>>> print(open('input_37.tsv').read())   # TSV, C-alpha atoms
chain	number	residue	atom	x	y	z
A	1	MET	CA	221.58	-49.05	36.10
A	2	GLU	CA	222.94	-51.53	38.60
A	3	GLU	CA	223.22	-55.30	38.58
A	4	GLN	CA	223.92	-58.14	41.02
A	5	ILE	CA	226.87	-60.47	40.54
A	6	LEU	CA	227.59	-63.62	42.54
A	7	VAL	CA	231.30	-64.45	42.87
A	8	GLY	CA	232.42	-67.96	43.80
A	9	ILE	CA	236.02	-68.43	44.92
A	10	ALA	CA	237.72	-71.76	45.74
A	11	GLY	CA	241.27	-72.89	46.30
A	12	GLN	CA	244.07	-73.26	48.81
A	13	ASP	CA	243.33	-71.09	51.82
A	14	ARG	CA	245.90	-68.58	53.01
A	15	PRO	CA	245.84	-65.29	54.89
A	16	GLY	CA	244.75	-62.32	52.79
A	17	VAL	CA	242.51	-63.94	50.14
A	18	THR	CA	239.30	-62.34	51.40
A	19	ALA	CA	241.05	-59.03	52.06
A	20	SER	CA	242.44	-58.90	48.50
A	21	MET	CA	239.03	-59.51	46.92
A	22	MET	CA	237.23	-57.06	49.18
A	23	GLU	CA	239.80	-54.33	48.46
A	24	ILE	CA	238.93	-54.50	44.77
A	25	LEU	CA	235.19	-54.32	45.47
A	26	ALA	CA	235.76	-51.45	47.91
A	27	ARG	CA	237.61	-49.38	45.29
A	28	HIS	CA	234.55	-49.59	43.03
A	29	ASP	CA	232.01	-48.86	45.80
A	30	ALA	CA	230.30	-52.24	45.47
A	31	GLN	CA	227.38	-52.93	47.79
A	32	ILE	CA	227.70	-56.32	49.54
A	33	LEU	CA	224.33	-58.09	49.58
A	34	ASP	CA	225.55	-61.40	51.01
A	35	ILE	CA	228.83	-63.07	51.94
A	36	GLY	CA	229.80	-66.48	53.27
A	37	GLN	CA	233.06	-68.35	53.75
A	38	ALA	CA	234.07	-71.86	54.84
A	39	ASP	CA	237.39	-73.64	55.21
A	40	ILE	CA	237.61	-77.42	54.88
A	41	HIS	CA	241.03	-79.04	55.20
A	42	SER	CA	242.74	-75.74	54.27
A	43	THR	CA	240.55	-75.41	51.17
A	44	LEU	CA	238.69	-72.13	50.91
A	45	SER	CA	235.15	-71.70	49.65
A	46	LEU	CA	234.10	-68.03	49.51
A	47	GLY	CA	230.91	-66.58	48.08
A	48	ILE	CA	230.20	-62.88	47.63
A	49	LEU	CA	227.00	-61.39	46.20
A	50	PHE	CA	227.44	-57.73	45.34
A	51	ARG	CA	225.54	-54.98	43.55
A	52	ILE	CA	227.38	-52.52	41.30
A	53	ASN	CA	226.91	-50.07	38.45
A	54	GLU	CA	226.69	-51.91	35.12
A	55	GLN	CA	229.26	-49.52	33.56
A	56	THR	CA	231.98	-50.65	35.99
A	57	SER	CA	231.00	-54.31	36.50
A	58	GLY	CA	233.19	-55.52	33.61
A	59	GLN	CA	236.26	-53.81	35.03
A	60	VAL	CA	235.56	-55.19	38.50
A	61	MET	CA	235.27	-58.76	37.24
A	62	LYS	CA	238.47	-58.31	35.23
A	63	GLU	CA	240.39	-57.15	38.31
A	64	LEU	CA	238.96	-59.97	40.43
A	65	LEU	CA	239.98	-62.50	37.79
A	66	PHE	CA	243.55	-61.15	37.62
A	67	LYS	CA	243.84	-61.24	41.42
A	68	ALA	CA	242.52	-64.82	41.53
A	69	THR	CA	245.12	-65.86	38.93
A	70	GLU	CA	247.83	-64.15	40.97
A	71	LEU	CA	246.69	-66.01	44.11
A	72	ASN	CA	246.32	-69.30	42.22
A	73	ILE	CA	242.68	-69.75	43.15
A	74	ASN	CA	239.58	-70.49	41.08
A	75	ILE	CA	236.88	-67.86	40.53
A	76	ASP	CA	233.56	-67.78	38.70
A	77	PHE	CA	230.85	-65.18	38.16
A	78	SER	CA	227.06	-65.52	37.93
A	79	PRO	CA	224.70	-62.64	37.13
A	80	ILE	CA	221.66	-62.50	39.42
A	81	GLY	CA	218.56	-60.83	37.98
A	82	ASP	CA	216.42	-58.46	40.04
A	83	ASP	CA	213.46	-60.86	40.15
A	84	GLN	CA	215.70	-63.77	41.08
A	85	TYR	CA	217.26	-61.71	43.86
A	86	GLU	CA	213.89	-60.59	45.23
A	87	GLU	CA	212.63	-64.19	45.26
A	88	TRP	CA	215.70	-65.17	47.29
A	89	VAL	CA	215.11	-62.27	49.71
A	90	SER	CA	211.48	-63.33	50.23
A	91	GLN	CA	212.65	-66.76	51.43
A	92	GLN	CA	214.73	-65.28	54.26
A	93	GLY	CA	211.72	-64.63	56.47
A	94	LYS	CA	210.90	-68.33	56.76
A	95	ASN	CA	211.23	-70.29	59.97
A	96	ARG	CA	214.73	-71.41	60.87
A	97	TYR	CA	215.83	-74.52	62.71
A	98	ILE	CA	219.07	-75.97	64.02
A	99	LEU	CA	219.64	-79.71	63.69
A	100	THR	CA	222.58	-80.94	65.76
A	101	VAL	CA	223.91	-84.46	65.11
A	102	ILE	CA	226.39	-86.14	67.48
A	103	GLY	CA	228.16	-89.50	67.62
A	104	ARG	CA	231.42	-91.09	68.63
A	105	SER	CA	232.13	-90.65	64.95
A	106	LEU	CA	229.89	-89.68	62.03
A	107	SER	CA	229.83	-91.62	58.78
A	108	ALA	CA	228.53	-90.64	55.37
A	109	LYS	CA	225.60	-93.02	55.93
A	110	GLN	CA	224.54	-91.25	59.12
A	111	ILE	CA	224.82	-87.77	57.59
A	112	ALA	CA	223.05	-88.92	54.42
A	113	ALA	CA	220.17	-90.31	56.47
A	114	ALA	CA	219.77	-87.03	58.39
A	115	ALA	CA	220.02	-85.00	55.17
A	116	LYS	CA	217.33	-87.18	53.57
A	117	VAL	CA	214.93	-86.39	56.40
A	118	ILE	CA	215.68	-82.69	55.96
A	119	ARG	CA	215.01	-82.91	52.23
A	120	ASN	CA	211.79	-84.90	52.61
A	121	GLN	CA	210.48	-82.33	55.08
A	122	GLY	CA	210.96	-79.57	52.50
A	123	LEU	CA	213.69	-77.75	54.43
A	124	ASN	CA	216.74	-76.14	52.88
A	125	ILE	CA	220.23	-76.48	54.39
A	126	ASP	CA	221.73	-72.99	54.54
A	127	SER	CA	224.97	-73.98	56.23
A	128	ILE	CA	226.77	-76.84	57.95
A	129	ARG	CA	229.44	-76.36	60.58
A	130	ARG	CA	231.53	-78.74	62.68
A	131	LEU	CA	231.35	-78.13	66.44
A	132	THR	CA	233.90	-80.73	67.53
A	133	GLY	CA	237.64	-80.59	66.97
A	134	ARG	CA	239.31	-82.48	64.15
A	135	GLN	CA	239.99	-86.15	64.88
A	136	SER	CA	243.45	-87.67	64.55
A	137	ILE	CA	243.80	-90.74	62.36
A	138	LYS	CA	247.22	-91.81	63.64
A	139	HIS	CA	246.53	-91.06	67.31
A	140	PRO	CA	242.85	-91.67	68.01
A	141	GLU	CA	241.85	-90.19	71.35
A	142	LYS	CA	239.84	-91.89	74.05
A	143	ASN	CA	236.14	-90.95	74.12
A	144	VAL	CA	236.28	-89.15	70.78
A	145	ARG	CA	233.14	-87.54	69.49
A	146	ALA	CA	231.96	-85.87	66.31
A	147	CYS	CA	229.28	-83.21	66.04
A	148	ILE	CA	227.95	-81.20	63.13
A	149	GLU	CA	225.26	-78.54	63.10
A	150	PHE	CA	222.85	-77.95	60.20
A	151	SER	CA	221.26	-74.50	59.84
A	152	LEU	CA	217.87	-75.09	58.18
A	153	ARG	CA	215.39	-72.74	56.53
A	154	GLY	CA	211.70	-73.37	55.95
A	155	THR	CA	208.77	-75.04	57.68
A	156	PRO	CA	208.72	-78.85	58.06
A	157	ASN	CA	205.88	-80.63	56.32
A	158	SER	CA	205.25	-82.32	59.67
A	159	GLN	CA	207.44	-81.53	62.66
A	160	ALA	CA	206.06	-84.56	64.53
A	161	ASP	CA	207.00	-86.87	61.64
A	162	MET	CA	210.43	-85.26	61.38
A	163	GLN	CA	211.01	-85.83	65.10
A	164	SER	CA	209.85	-89.44	64.82
A	165	GLU	CA	212.03	-90.18	61.78
A	166	LEU	CA	215.12	-88.71	63.42
A	167	MET	CA	214.42	-90.62	66.64
A	168	GLN	CA	214.17	-93.88	64.69
A	169	LEU	CA	217.40	-93.18	62.79
A	170	SER	CA	219.11	-92.25	66.04
A	171	ALA	CA	218.33	-95.66	67.49
A	172	GLU	CA	219.15	-97.60	64.34
A	173	MET	CA	222.37	-95.78	63.35
A	174	GLU	CA	223.78	-94.84	66.78
A	175	PHE	CA	223.84	-91.08	66.68
A	176	ASP	CA	222.22	-88.40	68.84
A	177	PHE	CA	220.29	-85.39	67.60
A	178	SER	CA	218.58	-82.18	68.64
A	179	ILE	CA	216.14	-80.18	66.52
A	180	GLN	CA	215.47	-76.66	67.82
A	181	ARG	CA	213.86	-73.48	66.55
A	182	ASP	CA	216.67	-71.04	65.81
A	183	ASN	CA	215.49	-68.09	67.87
A	184	MET	CA	216.89	-65.81	70.55
A	185	PHE	CA	215.83	-68.13	73.36
A	186	ARG	CA	218.01	-70.90	71.93
A	187	ARG	CA	220.98	-68.53	72.05
A	188	MET	CA	220.23	-67.35	75.60
A	189	ARG	CA	219.67	-70.44	77.76
A	190	ARG	CA	220.37	-69.47	81.39
A	191	LEU	CA	219.17	-72.24	83.75
A	192	ILE	CA	219.91	-75.96	83.55
A	193	CYS	CA	218.32	-78.57	85.84
A	194	PHE	CA	219.71	-82.10	86.20
A	195	ASP	CA	218.39	-85.31	87.59
A	196	MET	CA	221.08	-86.90	89.76
A	197	ASP	CA	220.89	-90.70	89.84
A	198	SER	CA	221.81	-92.32	86.49
A	199	THR	CA	222.34	-88.83	85.06
A	200	LEU	CA	225.07	-86.97	86.95
A	201	ILE	CA	226.17	-90.24	88.54
A	202	GLN	CA	226.16	-93.73	87.05
A	203	THR	CA	224.20	-95.39	89.81
A	204	GLU	CA	221.01	-95.16	91.85
A	205	CYS	CA	221.91	-94.14	95.41
A	206	ILE	CA	218.93	-95.94	96.89
A	207	ASP	CA	220.21	-99.15	95.32
A	208	GLU	CA	223.63	-98.56	96.90
A	209	LEU	CA	222.01	-98.02	100.31
A	210	ALA	CA	219.87	-101.11	99.84
A	211	THR	CA	222.93	-103.22	99.07
A	212	GLU	CA	224.51	-102.07	102.34
A	213	ALA	CA	221.25	-102.92	104.13
A	214	GLY	CA	221.09	-106.38	102.55
A	215	VAL	CA	217.90	-105.69	100.58
A	216	GLY	CA	219.54	-104.82	97.27
A	217	GLU	CA	217.57	-107.07	94.94
A	218	GLN	CA	214.20	-106.10	96.43
A	219	VAL	CA	214.86	-102.37	96.13
A	220	LYS	CA	216.48	-102.60	92.70
A	221	ALA	CA	213.42	-104.34	91.28
A	222	ILE	CA	211.12	-101.61	92.63
A	223	THR	CA	213.47	-98.87	91.32
A	224	GLU	CA	213.53	-100.27	87.79
A	225	ARG	CA	209.73	-100.51	87.67
A	226	ALA	CA	209.43	-96.92	88.88
A	227	MET	CA	211.94	-95.57	86.34
A	228	ARG	CA	210.06	-97.33	83.54
A	229	GLY	CA	206.87	-95.68	84.74
A	230	GLU	CA	205.18	-98.98	85.60
A	231	ILE	CA	204.35	-97.94	89.18
A	232	ASP	CA	203.73	-94.62	90.91
A	233	PHE	CA	206.97	-92.98	92.00
A	234	LYS	CA	205.72	-91.85	95.41
A	235	GLU	CA	204.44	-95.28	96.35
A	236	SER	CA	207.62	-96.97	95.13
A	237	PHE	CA	209.68	-94.41	97.05
A	238	LYS	CA	207.89	-95.18	100.31
A	239	GLU	CA	208.30	-98.93	99.79
A	240	ARG	CA	212.02	-98.65	99.11
A	241	VAL	CA	212.78	-96.26	101.97
A	242	ALA	CA	210.94	-98.52	104.42
A	243	LEU	CA	213.30	-101.36	103.48
A	244	LEU	CA	216.28	-99.25	104.63
A	245	LYS	CA	215.17	-99.17	108.26
A	246	GLY	CA	218.01	-99.76	110.70
A	247	LEU	CA	220.86	-98.91	108.32
A	248	ASP	CA	223.68	-96.91	109.94
A	249	VAL	CA	224.05	-93.46	108.34
A	250	SER	CA	227.86	-93.76	108.37
A	251	VAL	CA	227.64	-95.81	105.16
A	252	MET	CA	226.37	-92.74	103.29
A	253	LYS	CA	229.78	-91.07	103.37
A	254	THR	CA	231.41	-94.18	101.90
A	255	ILE	CA	228.81	-94.41	99.14
A	256	ALA	CA	229.15	-90.70	98.29
A	257	GLU	CA	232.92	-90.93	97.94
A	258	ARG	CA	232.74	-93.89	95.56
A	259	MET	CA	229.84	-92.62	93.41
A	260	PRO	CA	230.84	-93.07	89.73
A	261	ILE	CA	230.58	-89.66	88.07
A	262	THR	CA	229.10	-89.81	84.57
A	263	GLU	CA	231.45	-89.24	81.62
A	264	GLY	CA	231.63	-85.56	80.68
A	265	VAL	CA	230.24	-84.12	83.93
A	266	ASP	CA	233.49	-82.44	85.01
A	267	ARG	CA	233.85	-80.69	81.66
A	268	LEU	CA	230.17	-79.78	81.46
A	269	MET	CA	230.04	-78.24	84.93
A	270	SER	CA	233.25	-76.27	84.38
A	271	VAL	CA	231.94	-74.75	81.14
A	272	LEU	CA	228.47	-73.98	82.49
A	273	LYS	CA	229.91	-72.15	85.51
A	274	ARG	CA	232.44	-70.29	83.35
A	275	TYR	CA	229.67	-68.98	81.09
A	276	GLY	CA	227.32	-67.96	83.88
A	277	TYR	CA	224.61	-70.63	83.78
A	278	LYS	CA	222.57	-71.28	86.91
A	279	ILE	CA	222.65	-74.99	87.75
A	280	ALA	CA	220.21	-77.07	89.77
A	281	ILE	CA	219.95	-80.68	90.89
A	282	LEU	CA	216.32	-81.81	91.05
A	283	SER	CA	216.49	-85.38	92.29
A	284	GLY	CA	214.19	-88.14	93.46
A	285	GLY	CA	217.27	-89.39	95.33
A	286	PHE	CA	218.60	-88.15	98.64
A	287	THR	CA	219.86	-84.83	99.97
A	288	TYR	CA	223.11	-86.26	101.39
A	289	PHE	CA	224.37	-87.27	97.97
A	290	GLY	CA	222.95	-84.19	96.24
A	291	GLU	CA	224.76	-81.93	98.72
A	292	TYR	CA	227.98	-83.86	98.08
A	293	LEU	CA	227.74	-83.05	94.36
A	294	GLN	CA	226.60	-79.51	95.08
A	295	ARG	CA	229.80	-78.85	97.02
A	296	LYS	CA	231.96	-80.63	94.45
A	297	TYR	CA	230.68	-78.60	91.47
A	298	ASN	CA	229.52	-75.38	93.16
A	299	ILE	CA	225.93	-76.01	92.07
A	300	ASP	CA	223.44	-73.22	92.76
A	301	TYR	CA	220.32	-75.19	93.76
A	302	MET	CA	219.74	-78.69	95.09
A	303	TYR	CA	216.42	-80.34	95.89
A	304	ALA	CA	216.11	-84.01	96.85
A	305	ASN	CA	214.51	-86.24	99.50
A	306	GLU	CA	215.66	-86.24	103.11
A	307	LEU	CA	215.89	-89.51	105.02
A	308	GLU	CA	214.77	-89.55	108.66
A	309	ILE	CA	217.48	-90.53	111.16
A	310	ASP	CA	216.91	-91.61	114.77
A	311	ASP	CA	218.96	-90.58	117.81
A	312	ASN	CA	221.24	-93.60	117.36
A	313	GLY	CA	222.29	-92.59	113.83
A	314	LYS	CA	220.10	-95.20	112.15
A	315	LEU	CA	217.62	-94.75	109.29
A	316	THR	CA	214.04	-95.03	110.51
A	317	GLY	CA	212.56	-96.20	107.23
A	318	ASN	CA	210.76	-92.88	106.87
A	319	TYR	CA	211.49	-89.56	105.15
A	320	VAL	CA	211.14	-85.89	106.06
A	321	GLY	CA	209.13	-83.35	104.04
A	322	GLU	CA	207.54	-83.53	100.60
A	323	ILE	CA	208.65	-86.24	98.16
A	324	VAL	CA	210.48	-84.88	95.12
A	325	ASP	CA	208.68	-86.74	92.34
A	326	GLY	CA	208.15	-85.85	88.69
A	327	HIS	CA	205.44	-83.28	89.41
A	328	ARG	CA	207.56	-81.63	92.09
A	329	LYS	CA	210.58	-81.47	89.75
A	330	ALA	CA	208.54	-79.54	87.17
A	331	GLU	CA	207.28	-77.19	89.90
A	332	LEU	CA	210.82	-76.57	91.13
A	333	LEU	CA	212.10	-75.84	87.64
A	334	LYS	CA	209.41	-73.16	87.23
A	335	LEU	CA	210.06	-71.80	90.72
A	336	ILE	CA	213.82	-71.46	90.20
A	337	ALA	CA	213.24	-69.85	86.80
A	338	GLN	CA	210.94	-67.32	88.47
A	339	VAL	CA	213.49	-66.59	91.21
A	340	GLU	CA	216.27	-66.14	88.66
A	341	LYS	CA	213.98	-64.09	86.38
A	342	VAL	CA	214.53	-66.54	83.54
A	343	ASN	CA	211.92	-67.23	80.85
A	344	LEU	CA	210.95	-70.92	80.74
A	345	ALA	CA	212.08	-70.96	77.10
A	346	GLN	CA	215.60	-70.28	78.43
A	347	THR	CA	215.63	-73.37	80.68
A	348	ILE	CA	217.13	-76.81	80.11
A	349	ALA	CA	216.22	-80.08	81.84
A	350	VAL	CA	218.21	-83.31	81.63
A	351	GLY	CA	217.18	-86.69	83.00
A	352	ASP	CA	216.81	-90.39	82.35
A	353	GLY	CA	213.72	-91.67	84.17
A	354	ALA	CA	209.96	-91.46	83.87
A	355	ASN	CA	209.83	-89.06	86.83
A	356	ASP	CA	212.00	-86.64	84.80
A	357	LEU	CA	209.47	-86.36	81.97
A	358	PRO	CA	207.42	-83.51	83.52
A	359	MET	CA	210.45	-81.22	83.85
A	360	ILE	CA	211.85	-82.33	80.48
A	361	SER	CA	208.50	-81.40	78.89
A	362	GLU	CA	208.29	-78.10	80.78
A	363	ALA	CA	211.79	-76.85	79.91
A	364	GLY	CA	212.66	-74.87	76.81
A	365	LEU	CA	215.16	-77.61	75.95
A	366	GLY	CA	214.39	-81.05	77.38
A	367	ILE	CA	217.04	-83.75	76.96
A	368	ALA	CA	216.73	-87.47	77.65
A	369	PHE	CA	220.14	-88.78	78.70
A	370	HIS	CA	220.83	-92.52	78.25
A	371	ALA	CA	217.17	-92.74	79.12
A	372	LYS	CA	214.56	-95.43	79.55
A	373	PRO	CA	212.49	-96.23	76.40
A	374	ARG	CA	209.40	-94.36	77.59
A	375	VAL	CA	211.44	-91.21	78.27
A	376	GLN	CA	213.18	-91.34	74.88
A	377	ALA	CA	209.83	-91.79	73.14
A	378	ASN	CA	208.49	-88.60	74.74
A	379	ALA	CA	211.58	-86.38	74.72
A	380	LYS	CA	212.43	-84.17	71.74
A	381	GLN	CA	216.21	-84.41	72.25
A	382	SER	CA	218.29	-87.34	73.41
A	383	ILE	CA	221.90	-88.27	74.12
A	384	ASN	CA	222.81	-91.96	74.08
A	385	THR	CA	226.19	-92.27	72.36
A	386	ILE	CA	228.47	-89.90	74.31
A	387	GLY	CA	228.86	-88.35	77.76
A	388	LEU	CA	226.85	-85.64	79.48
A	389	ASP	CA	229.02	-82.88	78.00
A	390	GLY	CA	227.16	-83.59	74.76
A	391	VAL	CA	224.63	-81.10	76.16
A	392	LEU	CA	227.13	-78.35	75.30
A	393	TYR	CA	226.81	-79.07	71.58
A	394	PHE	CA	223.02	-78.77	71.78
A	395	LEU	CA	223.68	-75.29	73.22
A	396	GLY	CA	225.86	-74.42	70.21
A	397	PHE	CA	229.27	-74.56	71.89
A	398	LYS	CA	232.26	-75.49	69.73
A	399	ASP	CA	235.30	-77.34	71.05
A	400	SER	CA	237.40	-74.34	70.00
A	401	TYR	CA	235.43	-72.20	72.49
A	402	LEU	CA	235.71	-74.76	75.27
A	403	ASN	CA	239.47	-75.20	75.02
A	404	GLU	CA	240.24	-71.51	75.48
>>> encode(input="input_37.tsv", output="structure tokens")
Amino acid sequence: MEEQILVGIAGQDRPGVTASMMEILARHDAQILDIGQADIHSTLSLGILFRINEQTSGQVMKELLFKATELNINIDFSPIGDDQYEEWVSQQGKNRYILTVIGRSLSAKQIAAAAKVIRNQGLNIDSIRRLTGRQSIKHPEKNVRACIEFSLRGTPNSQADMQSELMQLSAEMEFDFSIQRDNMFRRMRRLICFDMDSTLIQTECIDELATEAGVGEQVKAITERAMRGEIDFKESFKERVALLKGLDVSVMKTIAERMPITEGVDRLMSVLKRYGYKIAILSGGFTYFGEYLQRKYNIDYMYANELEIDDNGKLTGNYVGEIVDGHRKAELLKLIAQVEKVNLAQTIAVGDGANDLPMISEAGLGIAFHAKPRVQANAKQSINTIGLDGVLYFLGFKDSYLNE
């Protein structure tokens, strides 16, 4: 006859603790059914579930206890009956989700609120891991951030309600979140598409051009209405471009060189290129500025709107080709995915305005970044508290990976 025994080990972490325990189990041909280990502030928590012949189980526990005493760590044993074990096994086939929570810092109140939503939705937390590096108390860094990832098991009572509750908490308690099915597509994202204005850069290029043309307030008002979804993007685009008539194109170089890059973009682009992601800019802005960023970050694809220029180097107030609006952005995302032979579930879209919603909805992972209220209300993931490199945590990257 054989039995299952769960061993719990806790104490000061040091090299060799796990090896010492496993050596004892190995000598007695124990079968390992489950194992997990965590280290918090140099304190070890190790769990081992093993199956062994009942005639030798007493000797094994005795040896484990002696070794724990020698290592000055705590150990306890719990017998697990066959029926209890089988019930546990049957739960493993349930749906799995990953909840990622990010903020400049994370308090007990924020984590408690997220955990309450998890509990009320009938989900079990299998594990929690920190994705960000440890924060210094004596030497706080600029632009610090904290991120933890919950691995969840089960099926939410209502995924829509869970999303809504987390979105409300996010706004009230100043943290960002992402809830994703934990499947192979989540682990194999390959294509990421960005809006440009107010996403990769902290300005709207058409507003910058309008300021140079002396029509800044008129254009800015139209832009804001379009981004909120109050007027049709194509119509607003035509109105704004018409107001730029007569502007010398030489100002575009000056504007491009002073464009404020969004916090985290340098780090994000470096990591994405290092790990082989295909990157695209899909912008309702202008090709000149998109091409500037494309060269700067070695971006694979860039689609934006082209301004018409007359023989004297002046803007005509017209544009060339098809307008890149929200519908066109979604089409381009699907087209690039097809060219790159990437499943749509492996795509990511990031944007802030109403014209980004179609591609955000189409992508496998759609992220609203410091977005307008309508966009946040319709997006499943959002980032409002930190820079654009927060996207990396939604992809499962840890700071320890990124600093290699």
>>> closest_residue(input="input_37.tsv", among="A:Ala26, A:Ala304, A:Val271, A:Leu209", to="Ser250 in chain A", atoms="only C-alpha atoms")
A:Leu209
>>> atom_distance(input="input_37.tsv", atom1="CA of Thr69 in chain A", atom2="CA of Ser127 in chain A")
27.8 Å
>>> residues_near_point(input="input_37.tsv", point="(242.5, -84.9, 64.5)", cutoff="12 Å", atoms="all atoms listed in the file", output="number ranges by chain")
A: 41, 105, 132-141, 144-146
>>> write_last_selection(input="input_37.tsv", atoms="C-alpha atoms", output="PDB file, in the frame of the given file")
ATOM      1  CA  HIS A  41     241.030 -79.040  55.200  1.00  0.00           C
ATOM      2  CA  SER A 105     232.130 -90.650  64.950  1.00  0.00           C
ATOM      3  CA  THR A 132     233.900 -80.730  67.530  1.00  0.00           C
ATOM      4  CA  GLY A 133     237.640 -80.590  66.970  1.00  0.00           C
ATOM      5  CA  ARG A 134     239.310 -82.480  64.150  1.00  0.00           C
ATOM      6  CA  GLN A 135     239.990 -86.150  64.880  1.00  0.00           C
ATOM      7  CA  SER A 136     243.450 -87.670  64.550  1.00  0.00           C
ATOM      8  CA  ILE A 137     243.800 -90.740  62.360  1.00  0.00           C
ATOM      9  CA  LYS A 138     247.220 -91.810  63.640  1.00  0.00           C
ATOM     10  CA  HIS A 139     246.530 -91.060  67.310  1.00  0.00           C
ATOM     11  CA  PRO A 140     242.850 -91.670  68.010  1.00  0.00           C
ATOM     12  CA  GLU A 141     241.850 -90.190  71.350  1.00  0.00           C
ATOM     13  CA  VAL A 144     236.280 -89.150  70.780  1.00  0.00           C
ATOM     14  CA  ARG A 145     233.140 -87.540  69.490  1.00  0.00           C
ATOM     15  CA  ALA A 146     231.960 -85.870  66.310  1.00  0.00           C
TER      16      ALA A 146
END
>>> residues_around(input="input_37.tsv", residues="Gly8 in chain A", least_positions_apart="4", cutoff="9 Å", atoms="all atoms listed in the file", output="short mmCIF file (atom, residue, chain, number, x, y, z; two decimals) with C-alpha atoms, in the coordinates of the input")
data_model
loop_
_atom_site.label_atom_id
_atom_site.label_comp_id
_atom_site.auth_asym_id
_atom_site.auth_seq_id
_atom_site.Cartn_x
_atom_site.Cartn_y
_atom_site.Cartn_z
CA SER A 45 235.15 -71.70 49.65
CA LEU A 46 234.10 -68.03 49.51
CA GLY A 47 230.91 -66.58 48.08
CA ILE A 48 230.20 -62.88 47.63
CA LEU A 49 227.00 -61.39 46.20
CA ASN A 74 239.58 -70.49 41.08
CA ILE A 75 236.88 -67.86 40.53
CA ASP A 76 233.56 -67.78 38.70
CA PHE A 77 230.85 -65.18 38.16
CA SER A 78 227.06 -65.52 37.93
#
>>> closest_atom_pairs(input="input_37.tsv", of="range 112-207 of chain A", to="range 369-384 of chain A", cutoff="9 Å", atoms="only C-alpha atoms", output="CSV")
residue,atom,partner,partner_atom,distance
A:Gln163,CA,A:Lys380,CA,7.0
A:Ser164,CA,A:Ala377,CA,8.6
A:Met167,CA,A:Ala377,CA,8.0
A:Ser170,CA,A:Asn384,CA,8.9
A:Ala171,CA,A:Asn384,CA,8.8
A:Glu174,CA,A:Asn384,CA,7.9
A:Phe175,CA,A:Asn384,CA,7.5
A:Asp176,CA,A:Ile383,CA,5.3
A:Phe177,CA,A:Gln381,CA,6.3
A:Ser178,CA,A:Gln381,CA,4.9
A:Ile179,CA,A:Gln381,CA,7.1
A:Gln180,CA,A:Gln381,CA,9.0
A:Ser198,CA,A:His370,CA,8.3
A:Thr199,CA,A:Phe369,CA,6.7
>>> closest_residue(input="input_37.tsv", among="A:Ala330, A:Ile128, A:Ala213, A:Leu71", to="Asp248 in chain A", atoms="all atoms listed in the file")
A:Ala213
>>> closest_residue(input="input_37.tsv", among="A:Gln31, A:Asn312, A:Asn53, A:Gln202", to="Pro260 in chain A", atoms="only C-alpha atoms")
A:Gln202
>>> residues_around(input="input_37.tsv", residues="Thr223 in chain A", least_positions_apart="4", cutoff="8 Å", atoms="all atoms listed in the file", output="PyMOL selection string")
chain A and resi 207+219+227+236+240
>>> atom_distance(input="input_37.tsv", atom1="CA of Arg104 in chain A", atom2="CA of Ile360 in chain A")
24.5 Å
>>> residues_around(input="input_37.tsv", residues="Asp13 in chain A", least_positions_apart="6", cutoff="6 Å", atoms="all atoms listed in the file", output="MDAnalysis selection string")
chainID A and resid 42:44
>>> residues_around(input="input_37.tsv", residues="Tyr97 in chain A", least_positions_apart="5", cutoff="7 Å", atoms="all atoms listed in the file", output="ChimeraX atom specification")
/A:151-153,179-182
>>> write_last_selection(input="input_37.tsv", atoms="C-alpha atoms", output="mmCIF file, in the frame of the given file")
data_model
loop_
_atom_site.group_PDB
_atom_site.id
_atom_site.type_symbol
_atom_site.label_atom_id
_atom_site.label_comp_id
_atom_site.auth_asym_id
_atom_site.auth_seq_id
_atom_site.Cartn_x
_atom_site.Cartn_y
_atom_site.Cartn_z
ATOM 1 C CA SER A 151 221.260 -74.500 59.840
ATOM 2 C CA LEU A 152 217.870 -75.090 58.180
ATOM 3 C CA ARG A 153 215.390 -72.740 56.530
ATOM 4 C CA ILE A 179 216.140 -80.180 66.520
ATOM 5 C CA GLN A 180 215.470 -76.660 67.820
ATOM 6 C CA ARG A 181 213.860 -73.480 66.550
ATOM 7 C CA ASP A 182 216.670 -71.040 65.810
#
>>> atom_distance(input="input_37.tsv", atom1="CA of Ile125 in chain A", atom2="CA of Phe150 in chain A")
6.5 Å
>>> closest_residue(input="input_37.tsv", among="A:Val101, A:Val249, A:Leu344, A:Ala19", to="Met188 in chain A", atoms="all atoms listed in the file")
A:Leu344
>>> residues_around(input="input_37.tsv", residues="Lys253 in chain A", least_positions_apart="6", cutoff="12 Å", atoms="all atoms listed in the file", output="list of chain:residue names")
A:Cys205, A:Glu208, A:Leu209, A:Met259, A:Tyr288, A:Phe289, A:Glu291, A:Tyr292
>>> closest_residue(input="input_37.tsv", among="A:Leu388, A:Met302, A:Leu169, A:Leu332", to="Thr262 in chain A", atoms="only C-alpha atoms")
A:Leu388
>>> closest_residue(input="input_37.tsv", among="A:Ala221, A:Leu99, A:Ala337, A:Leu307", to="Lys278 in chain A", atoms="all atoms listed in the file")
A:Ala337
